[in-house]
Amino acid sequence: MVGRCVCILMVLSLANGNAALAGAQGVTQAVPEIAALEPELEGLYRDLHEHPELAFHEERTAAALAERLRALGFEVTTGVGQTGLVAILRNGSGPVVMLRTELDALPIEEKTGLPFASKSKGLDSEGKEVPVSHACGHDLHMTGWYGAAKIMARRRSTWHGTLMLIGQPAEEVNRGAAAMLADGLFTRFPKPDFAISMHDEPSLPSGKVGFHAGLFRASMDSVDVTMYGRGGHGGKPQTTVDPIVLSARAILGIQTIVSRETDPLSPAVVTIGAIHGGTAGNVIPDEVRMLMSVRSYDEKVRKHLLESIKRQLNAEAAAVDAPSPPSIKVVPGAEAVYNDPEVTARLVAALRRDLGPDSAVEMPAKMTSEDFSAYGRAGVRAVLLHIGAVNPAELASGSKLPDLHSPKWVPELEPTLRSLVAAEVVMLTELLVAPKSVNK
Ligand SMILES: [Zn+2]
Ligand SMILES: [Zn+2]
């Protein structure tokens, strides 16, 4: 069944409409070097796809990219923020422009049916062996990043300034950008004037660039909770404090925070994604553990959500006379991503000029998070963009397609990869030949 789906995708990819054809012509005209690069890029993509590595374990991945970037003449430093890498290409005076790719994969068993599907295993944060796959498309991002680097290195007469490519570890756990910054990303290396990054996108047709100026992705904090009760026999609940009933009450209370306490026009999400407690139907356990993620755009809303969760958990525990108050550990995650509106407008204008008027489309903001926000917070004018990665006919059919982080997620490699490389080359060139007045 999986094999058949892949087959259908391949056939459909040959039958793209006129718009896609026009886009493809724009790509070929603006960045003609891509055609000759394709076999190398496809080989790199397959290799990265088959050998994914989890957050902060990306040694093989970083080494493979470092070797290739050194061969192009970049000054490469590895081990930045544990497993990250920084590659610099100096080309006279001018702005410093950073292009980021992520390096890490996810603890998900791949079920795409691809001939080069991952069979890799890795150790998760608790030392447990888990299957690993590139279910978020970071292998595509790395391949596009390398393709853009190769073309920019060959086109040095068309731009001036400093090109700074970074391979960031641990995006999936929202810790890699912070690790690189703490390890001197903007002090040991030139601090960029601009930073861009691109992510594959399941809601857009292959090769289409998605953009959104201003707030684009939510902040995200994790909350790790243990509710304490007093265990005992399932037939004698009167002798116990049942932490499962206590947790159930707390969950329902917490789910009223967004609906009753926050402004409906200010987005917020609280998801309790894990709940663990008990061992048997006739035993009331001593405790229950819950893992939550809390998202918003506004700092005040963010603070309110976290305080309200604590208040509700403590109040529920007090209401059932729990033997001790809950343990509540908040792990701060990513800040909200803010796309610099002026730089976004420049990039979109350059894409439409060079790759065709339909090459870039506005897309809505999302409640998912991205630690790319850390570079903007550090004072760099930053823009995170998306690249459509689903066959247009499949997308138009309205059928339920795999999403990011699904075991079946795989981008339609062509024309997504070609457009990704072209878009990155166009945007880097735009920023690296910019008139001085714009480079504030
Ligand atoms: Zn992801
Ligand atoms: Zn991702």
# chains A, B, ... in the order shown; residues from 1 in each chain; ligands from 1
>>> residues_near_ligand(ligand="ligand 1", cutoff="8 Å", atoms="only C-alpha atoms and all ligand atoms", output="list in words")
Ala105, Leu106, Ala135, Cys136, Gly137, Glu171, Glu172, Leu404 and His405 of chain A
>>> residues_near_ligand(ligand="ligand 2", cutoff="12 Å", atoms="only C-alpha atoms and all ligand atoms", output="ChimeraX atom specification")
/A:55,100-106,133-142,168-174,197-202,368-372,384-387,403-406,409
>>> write_last_selection(atoms="N, CA and C atoms", output="tab-separated table (two decimals), in the first residue's frame")
chain	number	residue	atom	x	y	z
A	55	ALA	N	18.76	14.66	18.30
A	55	ALA	CA	19.28	15.93	18.82
A	55	ALA	C	20.55	15.74	19.64
A	100	ARG	N	20.53	29.16	7.93
A	100	ARG	CA	20.54	28.04	8.88
A	100	ARG	C	19.87	26.80	8.30
A	101	THR	N	20.46	25.63	8.55
A	101	THR	CA	19.73	24.37	8.41
A	101	THR	C	19.74	23.68	9.77
A	102	GLU	N	18.76	22.84	10.02
A	102	GLU	CA	18.78	21.99	11.20
A	102	GLU	C	19.49	20.70	10.82
A	103	LEU	N	20.03	20.01	11.84
A	103	LEU	CA	20.75	18.76	11.60
A	103	LEU	C	20.01	17.53	12.12
A	104	ASP	N	19.08	17.72	13.04
A	104	ASP	CA	18.58	16.57	13.81
A	104	ASP	C	17.34	15.91	13.21
A	105	ALA	N	17.14	14.66	13.65
A	105	ALA	CA	15.98	13.87	13.24
A	105	ALA	C	15.12	13.56	14.46
A	106	LEU	N	14.12	12.68	14.29
A	106	LEU	CA	13.13	12.44	15.35
A	106	LEU	C	13.10	10.97	15.78
A	133	SER	N	14.17	8.76	12.47
A	133	SER	CA	13.96	9.08	11.06
A	133	SER	C	13.85	10.60	10.86
A	134	HIS	N	14.05	11.00	9.60
A	134	HIS	CA	13.94	12.42	9.25
A	134	HIS	C	12.48	12.73	8.90
A	135	ALA	N	11.60	12.61	9.89
A	135	ALA	CA	10.16	12.81	9.65
A	135	ALA	C	9.77	14.29	9.64
A	136	CYS	N	10.75	15.19	9.75
A	136	CYS	CA	10.43	16.63	9.68
A	136	CYS	C	11.06	17.25	8.43
A	137	GLY	N	11.85	16.46	7.69
A	137	GLY	CA	12.43	16.97	6.44
A	137	GLY	C	13.74	17.72	6.61
A	138	HIS	N	14.40	17.58	7.75
A	138	HIS	CA	15.67	18.31	7.93
A	138	HIS	C	16.75	17.81	6.96
A	139	ASP	N	16.60	16.57	6.47
A	139	ASP	CA	17.52	16.06	5.45
A	139	ASP	C	17.37	16.87	4.16
A	140	LEU	N	16.13	17.23	3.83
A	140	LEU	CA	15.88	18.08	2.66
A	140	LEU	C	16.52	19.46	2.87
A	141	HIS	N	16.34	20.00	4.06
A	141	HIS	CA	16.88	21.34	4.36
A	141	HIS	C	18.42	21.35	4.23
A	142	MET	N	19.06	20.31	4.77
A	142	MET	CA	20.53	20.24	4.69
A	142	MET	C	21.00	20.14	3.25
A	168	GLN	N	22.55	23.73	12.56
A	168	GLN	CA	22.14	23.80	13.98
A	168	GLN	C	21.65	22.44	14.50
A	169	PRO	N	22.21	22.01	15.61
A	169	PRO	CA	21.71	20.76	16.19
A	169	PRO	C	20.39	20.98	16.93
A	170	ALA	N	19.74	19.88	17.28
A	170	ALA	CA	18.70	19.85	18.32
A	170	ALA	C	17.58	20.88	18.16
A	171	GLU	N	17.11	21.07	16.91
A	171	GLU	CA	15.95	21.96	16.74
A	171	GLU	C	14.70	21.31	17.31
A	172	GLU	N	14.61	19.99	17.15
A	172	GLU	CA	13.38	19.30	17.58
A	172	GLU	C	13.14	19.38	19.08
A	173	VAL	N	14.19	19.61	19.84
A	173	VAL	CA	14.01	19.75	21.29
A	173	VAL	C	14.18	21.21	21.72
A	174	ASN	N	14.18	22.10	20.72
A	174	ASN	CA	14.22	23.55	21.00
A	174	ASN	C	15.43	24.00	21.81
A	197	SER	N	16.05	31.04	7.17
A	197	SER	CA	15.98	29.58	7.22
A	197	SER	C	14.70	29.15	6.51
A	198	MET	N	14.73	27.96	5.93
A	198	MET	CA	13.54	27.47	5.23
A	198	MET	C	13.15	26.09	5.76
A	199	HIS	N	11.84	25.85	5.85
A	199	HIS	CA	11.34	24.57	6.35
A	199	HIS	C	10.31	24.00	5.38
A	200	ASP	N	10.35	22.68	5.19
A	200	ASP	CA	9.36	22.08	4.29
A	200	ASP	C	7.96	22.16	4.90
A	201	GLU	N	6.96	22.21	4.01
A	201	GLU	CA	5.60	22.54	4.46
A	201	GLU	C	4.57	21.64	3.77
A	202	PRO	N	3.77	20.90	4.56
A	202	PRO	CA	2.81	19.98	3.97
A	202	PRO	C	1.52	20.63	3.45
A	368	THR	N	2.77	26.03	16.06
A	368	THR	CA	3.96	25.22	16.31
A	368	THR	C	5.11	26.15	16.62
A	369	SER	N	6.21	25.61	17.14
A	369	SER	CA	7.31	26.50	17.56
A	369	SER	C	8.60	26.13	16.86
A	370	GLU	N	9.57	27.02	16.94
A	370	GLU	CA	10.84	26.90	16.22
A	370	GLU	C	11.88	27.69	17.00
A	371	ASP	N	13.00	27.09	17.31
A	371	ASP	CA	13.98	27.87	18.07
A	371	ASP	C	14.82	28.79	17.18
A	372	PHE	N	14.47	28.88	15.91
A	372	PHE	CA	15.07	29.90	15.03
A	372	PHE	C	14.81	31.29	15.61
A	384	LEU	N	12.01	33.38	8.80
A	384	LEU	CA	11.81	31.95	8.61
A	384	LEU	C	10.75	31.77	7.52
A	385	LEU	N	11.10	31.02	6.48
A	385	LEU	CA	10.16	30.80	5.39
A	385	LEU	C	9.88	29.31	5.23
A	386	HIS	N	8.86	29.01	4.45
A	386	HIS	CA	8.54	27.60	4.20
A	386	HIS	C	8.66	27.29	2.71
A	387	ILE	N	8.88	26.00	2.43
A	387	ILE	CA	8.90	25.57	1.04
A	387	ILE	C	7.88	24.44	0.90
A	403	ASP	N	1.43	14.36	7.65
A	403	ASP	CA	1.91	15.67	8.10
A	403	ASP	C	3.36	15.52	8.55
A	404	LEU	N	3.99	16.65	8.88
A	404	LEU	CA	5.32	16.61	9.49
A	404	LEU	C	5.24	15.79	10.78
A	405	HIS	N	6.29	15.08	11.10
A	405	HIS	CA	6.39	14.22	12.30
A	405	HIS	C	5.54	12.96	12.16
A	406	SER	N	4.99	12.71	10.98
A	406	SER	CA	4.29	11.45	10.74
A	406	SER	C	5.32	10.42	10.25
A	409	TRP	N	5.69	10.79	6.55
A	409	TRP	CA	6.01	12.06	5.89
A	409	TRP	C	7.26	11.94	5.03
>>> atom_distance(atom1="atom CA of Leu417 of chain A", atom2="atom CA of Ala63 of chain A")
21.6 Å
>>> closest_residue(among="A:Ala378, A:Ala345, A:Val97, A:Val31", to="Arg155 of chain A", atoms="only C-alpha atoms")
A:Val31
>>> select_by_dssp(residues="segment 190-361 of chain A", states="strand (DSSP E or B)", output="compact mmCIF listing (two decimals) with C-alpha atoms, in the first residue's frame")
# COMPACT_ATOMS: atom_id res chain seq x y z
CA PHE A 194 20.38 39.02 8.38
CA ALA A 195 19.41 35.41 9.07
CA ILE A 196 17.14 33.17 7.02
CA SER A 197 15.98 29.58 7.22
CA MET A 198 13.54 27.47 5.23
CA HIS A 199 11.34 24.57 6.35
CA ASP A 200 9.36 22.08 4.29
CA GLU A 201 5.60 22.54 4.46
CA PRO A 202 2.81 19.98 3.97
CA SER A 203 0.07 22.55 3.24
CA LEU A 204 1.76 24.08 0.20
CA PRO A 205 2.38 22.63 -3.27
CA VAL A 209 7.67 29.48 -0.99
CA GLY A 210 5.38 30.33 1.94
CA PHE A 211 5.95 33.56 3.86
CA GLY A 214 5.60 39.51 11.75
CA LEU A 215 4.75 36.93 14.40
CA PHE A 216 4.80 33.54 12.69
CA ARG A 217 5.36 30.73 15.20
CA SER A 219 6.48 30.38 21.97
CA MET A 220 6.52 26.95 23.59
CA ASP A 221 7.25 25.89 27.17
CA SER A 222 7.12 22.36 28.52
CA VAL A 223 5.58 21.54 31.88
CA ASP A 224 6.45 18.30 33.69
CA VAL A 225 3.98 17.52 36.48
CA THR A 226 3.69 14.81 39.13
CA MET A 227 0.39 14.61 41.04
CA TYR A 228 0.72 12.84 44.37
CA ARG A 230 -2.06 7.84 48.46
CA GLY A 232 -4.20 1.41 47.93
CA HIS A 233 -6.74 -1.27 47.04
CA VAL A 241 -6.32 9.66 47.64
CA ALA A 268 -2.94 30.13 23.07
CA VAL A 269 -2.79 26.34 23.29
CA VAL A 270 -2.30 24.01 26.25
CA THR A 271 -1.77 20.37 25.28
CA ILE A 272 -1.37 17.57 27.79
CA GLY A 273 0.42 15.11 25.56
CA ALA A 274 1.34 12.40 28.06
CA ILE A 275 -0.22 10.97 31.20
CA HIS A 276 1.23 7.98 33.03
CA GLY A 277 0.02 6.36 36.21
CA VAL A 283 -4.78 -0.84 42.33
CA ILE A 284 -4.93 2.88 43.07
CA GLU A 287 1.24 9.17 41.72
CA VAL A 288 0.53 10.25 38.14
CA ARG A 289 2.91 12.05 35.80
CA MET A 290 1.74 14.45 33.09
CA LEU A 291 3.70 16.22 30.35
CA MET A 292 2.32 19.39 28.80
CA SER A 293 3.24 21.94 26.14
CA VAL A 294 2.06 25.53 26.44
CA ARG A 295 2.05 27.90 23.46
CA SER A 296 1.24 31.55 22.82
CA SER A 327 5.69 18.80 41.67
CA ILE A 328 5.60 21.25 38.73
CA LYS A 329 8.68 21.79 36.58
CA VAL A 330 8.49 24.39 33.81
CA VAL A 331 11.13 23.98 31.10
CA VAL A 337 9.29 33.59 15.87
CA TYR A 338 9.08 37.15 14.56
CA ASN A 339 9.76 37.63 10.85
CA ALA A 360 5.88 32.97 -3.17
CA VAL A 361 2.53 32.90 -1.37
>>> atom_distance(atom1="atom CA of Val76 of chain A", atom2="atom CA of Arg418 of chain A")
25.0 Å
>>> closest_residue(among="A:Gly84, A:Gly176, A:Asp183, A:Pro407", to="Glu109 of chain A", atoms="only C-alpha atoms")
A:Pro407
>>> closest_residue(among="A:His57, A:Val421, A:Pro326, A:His160", to="Leu99 of chain A", atoms="only C-alpha atoms")
A:Val421
>>> atom_distance(atom1="atom CA of Ala382 of chain A", atom2="atom CA of Pro267 of chain A")
22.1 Å
